[in-house]
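What follows is a short report on a single structure.
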Amino acid sequence: MSNFLPIPAKRALPLPSFSQHLLNYISNHFRDAHPEAFKRDVEALVSMRKEWVEAKVEGHPEIVRGLMRYHAQLSFLSTKFPSDISLQFTYHLPFPPTYSLSPDAPVSLASITFERASVLFNIAGLYASMAAAERRAEAEGIKRALGYLTSAAGVLEHLVKHVLPTLQSELSSPHAAGYDISESFLGTLKEFVLAEAQECYWQQAVLQGTYKNGLIGKLSMKVSEYYKSALSSMNGTDYPSSSFFPANWISHITVKQCHFEAAAQYRLSQEDLEKSRYGEEIARLRVAEGLAKKGLEAGKKGVADSVLSDLKNLQSAVRSALERAVRDNDLVYVSPIPPANQLAPISGVGMVKVSIPTEVSEPIAWLMGGGAGMPALFSALVPYGVHLALSIYDDRKDTLVRELDGKREELDGVAASTLQSLNLPGSIQALERPVGLPPSLLKKAEEVDSAGGVDRIRSLLNEVARLSKANAQSLNEAMDVLDQEATENETLLSRQPELQSSRPPSHIANQPLIATAQQYDATIKQASASDGTVRQKWEEWGHLIDILAGGEDSINDYVPSTSSSQNGYSSLPPSVRPIRASLEDLDDRISHRARLVNEARNIAAADDIRPAVLTEATRLAHGGTGDVKTEWFEDLFGRSLEKYDRIKEEMEAESGKQVALLEQIRGQNESFISERKEDPIVKERERRLQDMDLAYWKWREIVDNAEEGIKFYNSFADMLNQFKGTCTQFLNSRRVDIGQITQQFHNVSFEEPPSHSPSPSPASHQQPSYTSTSPPAQRNAPPPSPPKTFSLSHPSSGQWQSSSDFLPPPPPPPILRSGGIQTQPRAAPPPPADATPRRVTRASAAANRGPIGDAERNPYSKGTRRGGGGVV
């Protein structure tokens with residue numbers, strides 16, 4: 001039997017919908033790409049997964065190469081698709097717990113990066129397993145085992161440094177991928193295979209028989225140091241993984257550490273003998289004897305016979321040498337024996353160099369270079385980086401057009417509010433046309449009628465109300481998911497109260513999600529208040545807008561006529577002509593700004609930089625990596641946006657021109673007021689004409705507000721759906737954590753009964769000792785008290801910054817316009833302190849009694865037998 005341990009593989013669950021899901025995703029997300037064109041690529045990728053990943057993993061070089069091909073295709077696929085394509089990849093844990101509610105609970109994540117990480121884990125495990133299967137009695141077997149182990153260490157190092165950070169940035173919680181895809185667990189495996197690789201060097205030196213004892217001792221000491229590093233990584237403070245390893249693994253590593261430290265002391269004792277340091281020889285042999293005894297004690301828990309046999313042989317050699325050394329020293333040399341702490345420390349000499357296979361470190365270059373013996377699949381698809389670049393440019397382009405339109409609306413609003421304050425143009429129109437309607441008013445009425453009139457406003461406001469209700473429902477559904485998790489957690493803790501010391505309660509674990517929900521709820525309430533303002537505006541002006549949209553007859557019935565001959569207005573005041581000219585000039589300015597915005601929209605509609613981006617991506621791509629970075633296209637974006645510069649400059653110039661024109665109108669209006677004669681009938685006609693003009697502007701304003709609200713709710717709905725998915729992912733990760741936490745039973749220690757007792761006492765099995773897997777900060781400090789209710793406060797940008805990375809971005813505030821002038825909404829007020837909670841659960845009630853997990857107040861919190869929570 002080999003004295004090396006194989007690393008078990010992560011068993012993958014089949015994906016029967018893999019093929020159809022990829023085809024559907026291509027159909028829904030890639031322009032100018034028909035899914036049928038990629039059917040063969042999809043079938044090839046699915047076939048590779050079935051052959052190399054879903055099948056039983058066995059230690060063979062050809063299987064390793066097949067997994068490397070699949071990983072290379074996944075890496076290339078990641079340049080075409082986002083990591084989350086809404087397809088769940090599912091893997092079982094490598095060490096299922098013996099005592100668990102769900103010992104075979106798999107981990108599922110909608111992440112191509114998780115699939116890559118799992119494949120790399122299996123590649124490293126296969127390398128280690130092939131090394132364990134090698135017969136290391138001759139140099140060739142040792143050489144092959146050494147190559148496998150250094151490659152396994154390299155794959156694990158690449159996984160930790162390059163894949164794990166990307167995966168963790170996609171997760172809802174740092175441990176959602178399972179305990180095996182964590183820095184502590186992977187670091188332990190890396191140090192473990194490095195120890196076995198160093199052991200190969202040590203074994204080779206021993207077999208050759210030409211190396212000095214001092215050098216062999218230093219090689220042996222380095223083996224012990226690697227095993228010791230594996231134990232240290234296993235008990236890392238960020239996320240200890242010691243409780244997830246089987247007991248025989250921990251015992252195996254402990255035995256090996258003691259064995260090789262004892263072997264190092266034995267070799268150095270032989271060197272001391274050669275150099276006539278008889279007292280040091282005896283001291284080192286006594287240290288070696290103690291280490292061998294310690295290792296044999298640790299080896300009682302399932303360690304392989306071959307490992308224990310090696311240690312027993314060393315112990316026998318140490319005892320024999322110690323008896324001889326003590327006898328010789330007592331009878332002949334009489335050298336003083338120094339205490340163990342005064343012996344010179346042994347510095348290990350490391351011979352292992354981590355080797356990352358090129359197929360793993362540069363998978364796309366290996367694939368594109370023909371090393372995989374197959375072409376890169378989906379090479380005809382536009383890279384995902386190009387899609388991101390195009391979306392970034394489209395967003396900048398749309399933002400520019402929105403800013404131009406916002407500037408237009410702002411200037412139009414200033415013009416409308418200024419004319420309203422001056423009672424223009426109604427006062428002029430009442431004198432110019434004592435009978436009939438002004439052409440400018442008829443033109444506005446025609447515009448309103450052709451655009452849908454009041455029916456359009458009603459349909460827009462109904463759509464706003466529907467979307468608002470749908471958004472509130474989405475948030476409620478997300479909160480229902482959190483409620484479900486809290487209920488499941490309460491049920492679990494009521495059935496297994498011993499888990500309370502290691503499993504954070506729901507009101508602690510879901511704090512980031514609750515904070516996000518508070519911000520979203522405040523945004524919904526703020527948007528609802530804005531909707532109410534728009535509806536109030538519609539109720540106030542709806543009857544006048546209805547008259548304006550009714551056409552010329554309706555307006556004539558509303559606006560009274562006057563007779564200039566009857567009232568003495570045979571001629572208009574001289575000041576009317578210049579003010580009329582200025583008002584016409586202002587209308588021209590308003591029309592010009594509308595043309596500028598329409599021109600910008602037409603340019604944006606035809607502004608397709610896709611060919612230029614593809615050309616630039618091809619030119620800048622290097623090294624065969626296939627990775628396309630969006631920052632490559634910044635210069636291209638800048639050049640492409642220059643076509644809008646003239647429109648921006650003209651729109652900016654409009655502001656100054658309008659300010660001067662409105663100032664001129666004010667002066668002309670003062671002259672007009674001083675010259676005209678007051679007449680009640682004329683004043684009434686003037687007022688009603690002014691009402692019709694204002695109704696036009698209010699119609700435009702309400703339509704803009706409603707359309708802005710629809711855009712806001714549609715974009716906010718995407719955020720809420722993403723948040724709901726995050727809550728679902730949190731629920732699933734907590735369900736997986738149930739299986740992971742109960743793996744602590746794997747390290748349950750029972751008090752052995754006295755040797756004279758014929759059977760164990762039942763009491764000795766009642767209180768197992770658990771190794772906590774939570775960070776020290778969570779074990780030692782009581783968690784912060786949660787809010788007593790689910791009352792929601794207004795979002796804060798500072799709070800967003802401090803939230804977890806997986807949370808979606810904050811929603812944009814809705815836009816309110818008053819008098820046509822764009823303004824920002826006021827901050828939503830915080831909810832009252834006594835707001836009614838959404839649901840009172842035992843998890844939230846526990847916050848008032850005392851947080852579960854507080855070691856001083858929780859009756860189920862028990863210390864471990866080892867005192868430190870993990871392997872020492």
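If you're wondering about the labels, chains in the structure tokens are A, B, ... by order shown, residues count from 1 in each chain, ligands from 1 in order shown.
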message: At a cut-off of 10 Å, using only C-alpha atoms, what residues contact segment 13-28 of chain A? Leave out same-chain residues fewer than 2 positions from it and give the result as number ranges by chain.
response: A: 10-11, 30-39, 41-47, 49-50, 53-55, 81, 85-92, 106-108, 381
Just write the chosen residues, N, CA and C atoms, as an mmCIF file, in the first residue's frame.
data_model
loop_
_atom_site.group_PDB
_atom_site.id
_atom_site.type_symbol
_atom_site.label_atom_id
_atom_site.label_comp_id
_atom_site.auth_asym_id
_atom_site.auth_seq_id
_atom_site.Cartn_x
_atom_site.Cartn_y
_atom_site.Cartn_z
ATOM 1 N N LYS A 10 -13.992 15.952 -7.325
ATOM 2 C CA LYS A 10 -15.336 16.516 -7.192
ATOM 3 C C LYS A 10 -16.211 15.901 -8.287
ATOM 4 N N ARG A 11 -17.213 15.138 -7.877
ATOM 5 C CA ARG A 11 -18.079 14.473 -8.840
ATOM 6 C C ARG A 11 -19.093 15.476 -9.397
ATOM 7 N N PHE A 30 -26.829 37.418 -28.781
ATOM 8 C CA PHE A 30 -25.811 37.743 -29.780
ATOM 9 C C PHE A 30 -26.485 38.215 -31.061
ATOM 10 N N ARG A 31 -26.170 39.445 -31.430
ATOM 11 C CA ARG A 31 -26.672 39.965 -32.686
ATOM 12 C C ARG A 31 -25.899 39.335 -33.837
ATOM 13 N N ASP A 32 -26.557 39.212 -34.970
ATOM 14 C CA ASP A 32 -25.918 38.710 -36.202
ATOM 15 C C ASP A 32 -25.320 37.320 -36.007
ATOM 16 N N ALA A 33 -25.858 36.540 -35.098
ATOM 17 C CA ALA A 33 -25.361 35.180 -34.893
ATOM 18 C C ALA A 33 -26.562 34.252 -34.770
ATOM 19 N N HIS A 34 -26.662 33.319 -35.702
ATOM 20 C CA HIS A 34 -27.768 32.355 -35.645
ATOM 21 C C HIS A 34 -27.308 31.129 -34.866
ATOM 22 N N PRO A 35 -28.108 30.652 -33.930
ATOM 23 C CA PRO A 35 -27.664 29.517 -33.103
ATOM 24 C C PRO A 35 -27.360 28.258 -33.899
ATOM 25 N N GLU A 36 -28.034 28.065 -35.036
ATOM 26 C CA GLU A 36 -27.780 26.868 -35.833
ATOM 27 C C GLU A 36 -26.340 26.820 -36.339
ATOM 28 N N ALA A 37 -25.736 28.004 -36.531
ATOM 29 C CA ALA A 37 -24.354 28.054 -37.013
ATOM 30 C C ALA A 37 -23.373 27.531 -35.971
ATOM 31 N N PHE A 38 -23.797 27.472 -34.715
ATOM 32 C CA PHE A 38 -22.901 27.044 -33.644
ATOM 33 C C PHE A 38 -23.359 25.727 -33.018
ATOM 34 N N LYS A 39 -24.233 25.026 -33.717
ATOM 35 C CA LYS A 39 -24.757 23.784 -33.158
ATOM 36 C C LYS A 39 -23.651 22.741 -32.983
ATOM 37 N N ASP A 41 -20.442 23.338 -32.517
ATOM 38 C CA ASP A 41 -19.582 23.756 -31.410
ATOM 39 C C ASP A 41 -20.223 23.405 -30.071
ATOM 40 N N VAL A 42 -21.529 23.638 -29.977
ATOM 41 C CA VAL A 42 -22.239 23.309 -28.737
ATOM 42 C C VAL A 42 -22.179 21.812 -28.471
ATOM 43 N N GLU A 43 -22.427 21.012 -29.513
ATOM 44 C CA GLU A 43 -22.400 19.563 -29.342
ATOM 45 C C GLU A 43 -21.014 19.075 -28.946
ATOM 46 N N ALA A 44 -19.985 19.687 -29.508
ATOM 47 C CA ALA A 44 -18.616 19.287 -29.155
ATOM 48 C C ALA A 44 -18.314 19.595 -27.696
ATOM 49 N N LEU A 45 -18.712 20.777 -27.225
ATOM 50 C CA LEU A 45 -18.453 21.145 -25.837
ATOM 51 C C LEU A 45 -19.235 20.240 -24.883
ATOM 52 N N VAL A 46 -20.490 19.995 -25.197
ATOM 53 C CA VAL A 46 -21.314 19.132 -24.342
ATOM 54 C C VAL A 46 -20.747 17.718 -24.322
ATOM 55 N N SER A 47 -20.288 17.230 -25.474
ATOM 56 C CA SER A 47 -19.699 15.897 -25.549
ATOM 57 C C SER A 47 -18.431 15.803 -24.701
ATOM 58 N N ARG A 49 -17.783 17.517 -22.016
ATOM 59 C CA ARG A 49 -18.155 17.473 -20.593
ATOM 60 C C ARG A 49 -18.636 16.081 -20.196
ATOM 61 N N LYS A 50 -19.444 15.471 -21.052
ATOM 62 C CA LYS A 50 -19.940 14.129 -20.726
ATOM 63 C C LYS A 50 -18.803 13.122 -20.655
ATOM 64 N N VAL A 53 -15.801 15.030 -17.783
ATOM 65 C CA VAL A 53 -16.182 15.630 -16.493
ATOM 66 C C VAL A 53 -17.250 14.807 -15.790
ATOM 67 N N GLU A 54 -18.297 14.447 -16.524
ATOM 68 C CA GLU A 54 -19.406 13.734 -15.891
ATOM 69 C C GLU A 54 -19.097 12.255 -15.667
ATOM 70 N N ALA A 55 -18.194 11.700 -16.455
ATOM 71 C CA ALA A 55 -17.824 10.301 -16.267
ATOM 72 C C ALA A 55 -16.998 10.145 -14.989
ATOM 73 N N PHE A 81 -18.720 34.625 -23.564
ATOM 74 C CA PHE A 81 -19.919 34.663 -22.731
ATOM 75 C C PHE A 81 -19.579 35.260 -21.381
ATOM 76 N N ILE A 85 -24.537 32.609 -17.144
ATOM 77 C CA ILE A 85 -25.467 32.473 -18.267
ATOM 78 C C ILE A 85 -26.749 31.787 -17.789
ATOM 79 N N SER A 86 -27.008 31.889 -16.473
ATOM 80 C CA SER A 86 -28.219 31.329 -15.848
ATOM 81 C C SER A 86 -28.294 29.818 -15.990
ATOM 82 N N LEU A 87 -27.136 29.165 -16.000
ATOM 83 C CA LEU A 87 -27.072 27.705 -16.047
ATOM 84 C C LEU A 87 -26.329 27.227 -14.805
ATOM 85 N N GLN A 88 -26.978 26.370 -14.015
ATOM 86 C CA GLN A 88 -26.408 25.906 -12.758
ATOM 87 C C GLN A 88 -25.448 24.742 -13.012
ATOM 88 N N PHE A 89 -24.175 24.921 -12.610
ATOM 89 C CA PHE A 89 -23.189 23.842 -12.633
ATOM 90 C C PHE A 89 -23.133 23.252 -11.217
ATOM 91 N N THR A 90 -23.243 21.937 -11.122
ATOM 92 C CA THR A 90 -23.399 21.289 -9.823
ATOM 93 C C THR A 90 -22.299 20.254 -9.612
ATOM 94 N N TYR A 91 -21.649 20.332 -8.434
ATOM 95 C CA TYR A 91 -20.591 19.398 -8.066
ATOM 96 C C TYR A 91 -20.780 18.944 -6.622
ATOM 97 N N HIS A 92 -20.429 17.693 -6.379
ATOM 98 C CA HIS A 92 -20.406 17.185 -5.010
ATOM 99 C C HIS A 92 -19.095 17.589 -4.343
ATOM 100 N N PRO A 106 -24.809 18.524 -2.903
ATOM 101 C CA PRO A 106 -23.907 19.169 -3.869
ATOM 102 C C PRO A 106 -23.982 20.689 -3.766
ATOM 103 N N VAL A 107 -23.069 21.338 -4.467
ATOM 104 C CA VAL A 107 -23.038 22.797 -4.557
ATOM 105 C C VAL A 107 -23.352 23.183 -5.994
ATOM 106 N N SER A 108 -24.310 24.088 -6.159
ATOM 107 C CA SER A 108 -24.713 24.535 -7.490
ATOM 108 C C SER A 108 -24.490 26.033 -7.616
ATOM 109 N N LEU A 381 -18.006 33.654 -32.751
ATOM 110 C CA LEU A 381 -18.789 34.577 -31.941
ATOM 111 C C LEU A 381 -17.975 35.810 -31.586
#
Using only C-alpha atoms, tabulate the residues of segment 17-89 of chain A lying at most 12 Å from any atom of segment 155-177 of chain A, each with its closest atom pair and that distance in Å to one decimal, by chain and increasing residue number, as a tab-separated table.
residue	atom	partner	partner_atom	distance
A:Val64	CA	A:Val155	CA	11.8
A:Met68	CA	A:Val155	CA	10.9
A:His71	CA	A:Val163	CA	11.9
A:Ser75	CA	A:Val163	CA	10.5
A:Ser78	CA	A:Thr166	CA	11.8
A:Pro82	CA	A:Glu170	CA	10.9
A:Ser83	CA	A:Glu170	CA	8.4
A:Asp84	CA	A:Glu170	CA	8.6
A:Gln88	CA	A:Ala177	CA	11.9
A:Phe89	CA	A:Ala177	CA	10.7
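Comparing A:Ala389, A:Leu120, A:Leu583, A:Leu482 by their smallest distance to Gln664 of chain A, the closest is A:Leu583 (using only C-alpha atoms).
Closest approach to Ile282 of chain A from the set A:Arg458, A:Arg593, A:His60, A:Arg324 is made by A:Arg324, with distances taken over only C-alpha atoms.
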task: Identify, on the basis of only C-alpha atoms, every residue whose closest approach to Ser184 of chain A does not exceed 10 Å; exclude the query and any residue fewer than 5 positions from it along the same chain; express the result as a count of residues only.
output: 16
field: Counting only C-alpha atoms, the option among A:Pro6, A:Asp557, A:Ser229, A:Pro61 closest to Ala128 of chain A
entry: A:Pro6
message: Can you tell me which residues surround Leu424 of chain A at a distance of at most 12 Å, considering only C-alpha atoms, apart from same-chain residues fewer than 3 positions away, and format the answer as a PyMOL selection string?
response: chain A and resi 415-421+427-431+576+579-580+582-584+586+662+665-666+668-670+672-673+686-694
query: Which of these residues is nearest to Ile547 of chain A, using only C-alpha atoms: A:Gly453, A:Ile514, A:Tyr520, A:Val349?
result: A:Gly453
message: Counting only C-alpha atoms, which residue out of A:Glu134, A:Ile590, A:Ala262, A:Ser361 sits closest to Ser316 of chain A?
response: A:Ala262
query: Of the residues A:Glu403, A:Glu115, A:His387, A:Lys300, which is the one nearest to His29 of chain A, using only C-alpha atoms?
result: A:His387
